[in-house]
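Q: Take this structure, written in structure tokens, and hold onto it; I'll ask about it next.
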Amino acid sequence: MNVEPKSAAACILVRGDAAPEILLARRNPELRFMPGHHVFPGGRIRDEEDRSRVMQAQDEREARAVQTAAREVFEETGLLCVRGVLPSPGSIRQMRLELLQDESRFTELLARHDLHLDARDFIPAGTWVTPAFSPIRFATQYFLYRVTDDQQEELLQGEIVGLDWLTAAEARRRWHRGELRLSTPVAYTLRQMAAVDVTSALRLLQRGTERVAGEHNWFEIRRGITLIPVKSPTIPPATHTNCLIIGENELYVIDPGAGDEQEVLHLTRQIDHLIELGGRCTAILLSHSHPDHIAAAEELRRRYQAPIMAHEAAAAQLSFPVDRLLQDGEVLLSGDDPQWQLQCIHTPGHDPGHLCFLELSTGSLLAGDMVANPGTIVVSRQWLGDMNDFMNSFDRLLEIDCKLIIPSHGHPAGDPHELIRQQRDHRLWREAKIKQAYEEGAATFSQLLTRAYDDVPENVRLLASHALDAHLARLGIDLAMEV
């Protein structure tokens, strides 16, 4: 069930010019929503928000967002983003305590000290809507506000347990080292501000690349590992394939499965945006040969003059030439500081030429069609699948040291081995059920399908038939597949 997003506002606080610092607030690790993350100060817009001290707003909506952003900044950091003569530090602290203890409203405090908010000081910096699959959702307007030398933050422990002034580049370095956690909007914003000057970054943030304003489908899961879900010719009930783009300067595009002209245009907009930030499309990598992973590969090769790379067994199935064959165990390098390292792992079963990619610097396993989250992967002998190879590939992946798994279909997971074990064990459970049904007298393919897949909805019975056929081959039971 989709949760209706609540309106919210947040503020990107910057100081300095040449290499501006940005104030990141570290959330209490005990909180339910984004525990331990470094965020831009912000919060939910209240229906009863008093906008009477907001000047120069274009409309009521902007006034409410500016009021919320300024109030949240004051509550979380002690910074007053106002016009007028600032009170003494002691008075500011007392104002903040009154606000936090619900003794006074923000507007009342501003009026008491003859202060007001000027909406022109709050520069729009994009909107973000939390994805539909999240149980807690916000539609957040981001603003950029320049902090002056006479403004001073103060940490009061509570919802926020740390305040850090960092350049965008340093924040991203710390993120890559695992020293802080970033949500997608914060990572996206810092990526722009680390690559170009503030004015150019604002232009990019305001422009966006999404289909619908605020509904981004750019997810930088770890630094330099960007996930772009694209509509693809995949097998229902799935609708999308995750195209992954690795690196910042040298970009490896993995599985560009965009299935039609509009979707290819959408994907190239994302890549072109990364090129504006200093990137170059270095290569197109294919995890395997299926249409929902390769649909836009030739178009990207033509557009960016980038070679297509795949395993030899995948290349043999393609209708177009592959520029370079990838070997099991080889490592592709991207960038210098930091450097992303993609190790190729041959994992046949779903497809003879299937590759996973392990990004060594972050411990991220790009799993292709070895797992889905949610769901399971189809293994079909008609599409050159082999269940025995597939199960052996599970065992190989369980031996790999990794911290994150990103499947081609569905969501990343922070416990890779648990997800791999679940999917392997589900196959073993299904196989045991097939074997038991056979030993109890189910003698035809259709009888086995009915008995062993009695929990599967009718609309996916065809896929179950492919899976049953693959399991029977592994079990050494010779029954012709019935469709």
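Here, A, B, ... name the chains of the structure tokens in the order displayed, residue numbers run from 1 inside each chain, and ligands are numbered from 1 in the same displayed order.
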Using only C-alpha atoms, determine which residues lie at most 9 Å from range 85-92 of chain A, disregarding the query and same-chain residues fewer than 4 positions distant; provide the list as a ChimeraX atom specification.
A: /A:78-80,96-97,113-115,150-152
Q: Taking the DSSP secondary structure from the backbone, can you list the residues of range 214-396 of chain A that are strand (DSSP E or B), as an NGL selection string?
A: :A and (219-222 or 225-231 or 240-246 or 250-254 or 280-285 or 308-311 or 324-326 or 331-334 or 340-346 or 355-359 or 364-368 or 373)
Q: Find the spatial neighbours of Ala310 in chain A, counting only C-alpha atoms, within a cut-off of 10 Å - ignore same-chain residues fewer than 3 positions away - and output them as a VMD selection string.
A: chain A and resid 284 to 289 313 to 316 318 322 to 327 344 353 to 355
Q: Those residues you just picked out, can you put them in a file as a PDB file, in the first residue's frame with C-alpha atoms?
A:
```pdb
ATOM      1  CA  ILE A 284      29.112  -0.753 -21.259  1.00  0.00           C
ATOM      2  CA  LEU A 285      29.167  -3.988 -19.239  1.00  0.00           C
ATOM      3  CA  LEU A 286      26.594  -6.744 -19.672  1.00  0.00           C
ATOM      4  CA  SER A 287      25.869  -9.163 -16.845  1.00  0.00           C
ATOM      5  CA  HIS A 288      24.379 -11.553 -19.407  1.00  0.00           C
ATOM      6  CA  SER A 289      22.626 -11.769 -22.761  1.00  0.00           C
ATOM      7  CA  ALA A 313      29.392 -17.315 -23.288  1.00  0.00           C
ATOM      8  CA  ALA A 314      27.113 -14.263 -23.253  1.00  0.00           C
ATOM      9  CA  ALA A 315      28.745 -12.755 -26.347  1.00  0.00           C
ATOM     10  CA  ALA A 316      28.038 -15.976 -28.272  1.00  0.00           C
ATOM     11  CA  LEU A 318      24.120 -11.752 -28.819  1.00  0.00           C
ATOM     12  CA  VAL A 322      31.101  -7.453 -28.273  1.00  0.00           C
ATOM     13  CA  ASP A 323      34.216  -5.279 -28.239  1.00  0.00           C
ATOM     14  CA  ARG A 324      35.963  -7.026 -25.356  1.00  0.00           C
ATOM     15  CA  LEU A 325      35.472 -10.309 -23.534  1.00  0.00           C
ATOM     16  CA  LEU A 326      35.514 -10.301 -19.736  1.00  0.00           C
ATOM     17  CA  GLN A 327      37.268 -13.071 -17.827  1.00  0.00           C
ATOM     18  CA  CYS A 344      34.143 -10.034 -12.599  1.00  0.00           C
ATOM     19  CA  GLY A 353      27.635 -16.193 -19.528  1.00  0.00           C
ATOM     20  CA  HIS A 354      26.200 -14.594 -16.401  1.00  0.00           C
ATOM     21  CA  LEU A 355      28.575 -12.302 -14.509  1.00  0.00           C
TER      22      LEU A 355
END
```
Q: Just the residues within 7 Å of range 127-130 of chain A, please, counting only C-alpha atoms, with nothing from its chain fewer than 4 positions along; format it as a list in words.
A: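 Contacts, in chain order: Ser134, Arg137, Phe138, Ala139, Thr140, Gln141, Tyr142, Pro185, Gly214, Glu215 and His216 of chain A.
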Q: Identify, on the basis of only C-alpha atoms, every residue whose closest approach to range 239-246 of chain A does not exceed 7 Å; exclude the query and any residue fewer than 5 positions from it along the same chain; express the result as a PyMOL selection string.
A: chain A and resi 224-232+234+251-257+292-293+408-409
Q: Enter the distance from CA of Val66 in chain A to CA of Thr189 in chain A, in Å, rounded to one decimal.
A: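 We find that CA of Val66 in chain A and CA of Thr189 in chain A lie 18.8 Å from each other.
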Q: Which of range 12-153 of chain A counts as helix (DSSP H, G or I) under DSSP, as number ranges by chain please?
A: A: 60-77, 89-100, 106-112, 119-121
Q: Which polymer residues have any atom within 9 Å of an atom of Gly349 in chain A, counting only C-alpha atoms, with same-chain residues fewer than 5 positions away left out, as a ChimeraX atom specification?
A: /A:354,370,379-380,384-393
Q: With C-alpha atoms retained, write the just-selected residues as a CSV table (one decimal), in the first residue's frame.
A:
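The result, stored in selection.csv:
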```csv
chain,number,residue,atom,x,y,z
A,354,HIS,CA,26.2,-14.6,-16.4
A,370,MET,CA,21.4,-14.3,-9.4
A,379,VAL,CA,16.0,-20.6,-14.5
A,380,SER,CA,14.9,-22.0,-17.9
A,384,LEU,CA,20.1,-22.0,-21.7
A,385,GLY,CA,19.7,-22.0,-18.0
A,386,ASP,CA,21.0,-24.8,-15.8
A,387,MET,CA,19.7,-25.3,-12.2
A,388,ASN,CA,22.8,-27.3,-11.1
A,389,ASP,CA,25.1,-24.4,-12.3
A,390,PHE,CA,22.8,-21.9,-10.6
A,391,MET,CA,23.0,-23.6,-7.3
A,392,ASN,CA,26.7,-23.9,-7.5
A,393,SER,CA,26.9,-20.2,-8.3
```
Q: I'd like the neighbourhood of Ala171 in chain A as a PDB file with C-alpha atoms, in the first residue's frame, where a residue qualifies if any of its atoms comes within 10 Å (using only C-alpha atoms), though same-chain residues fewer than 6 positions away should be ignored.
A:
```pdb
ATOM      1  CA  GLU A  21      31.533  24.067   3.620  1.00  0.00           C
ATOM      2  CA  ILE A  22      28.122  22.520   4.160  1.00  0.00           C
ATOM      3  CA  LEU A  24      25.478  18.261   7.985  1.00  0.00           C
ATOM      4  CA  HIS A  38      24.027  12.882   8.141  1.00  0.00           C
ATOM      5  CA  ASP A 164      29.744  18.871  11.013  1.00  0.00           C
ATOM      6  CA  TRP A 165      30.916  21.572   8.607  1.00  0.00           C
ATOM      7  CA  ARG A 177      35.267   5.165   3.795  1.00  0.00           C
ATOM      8  CA  GLU A 179      32.513   6.960   8.259  1.00  0.00           C
ATOM      9  CA  LEU A 180      29.091   8.500   7.687  1.00  0.00           C
ATOM     10  CA  ARG A 181      25.744   7.555   6.156  1.00  0.00           C
ATOM     11  CA  LEU A 182      23.924   9.574   3.505  1.00  0.00           C
ATOM     12  CA  ALA A 187      24.283  12.197  -1.682  1.00  0.00           C
ATOM     13  CA  LEU A 190      26.778  16.668  -2.475  1.00  0.00           C
ATOM     14  CA  ARG A 191      27.728  15.033  -5.783  1.00  0.00           C
ATOM     15  CA  ALA A 194      31.646  18.465  -5.172  1.00  0.00           C
TER      16      ALA A 194
END
```
Q: Which residue gives the smallest distance to Lys6 in chain A among A:Arg26, A:Arg51, A:Arg174, A:Arg46, with only C-alpha atoms counted?
A: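 Of A:Arg26, A:Arg51, A:Arg174, A:Arg46, the one nearest Lys6 in chain A is A:Arg46, counting only C-alpha atoms.
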Q: Of the candidates A:Val147, A:Val39, A:Leu449, A:Val54, which one gets nearest to Leu462 in chain A if we count only C-alpha atoms?
A: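 Closest residue, counting only C-alpha atoms: A:Leu449.
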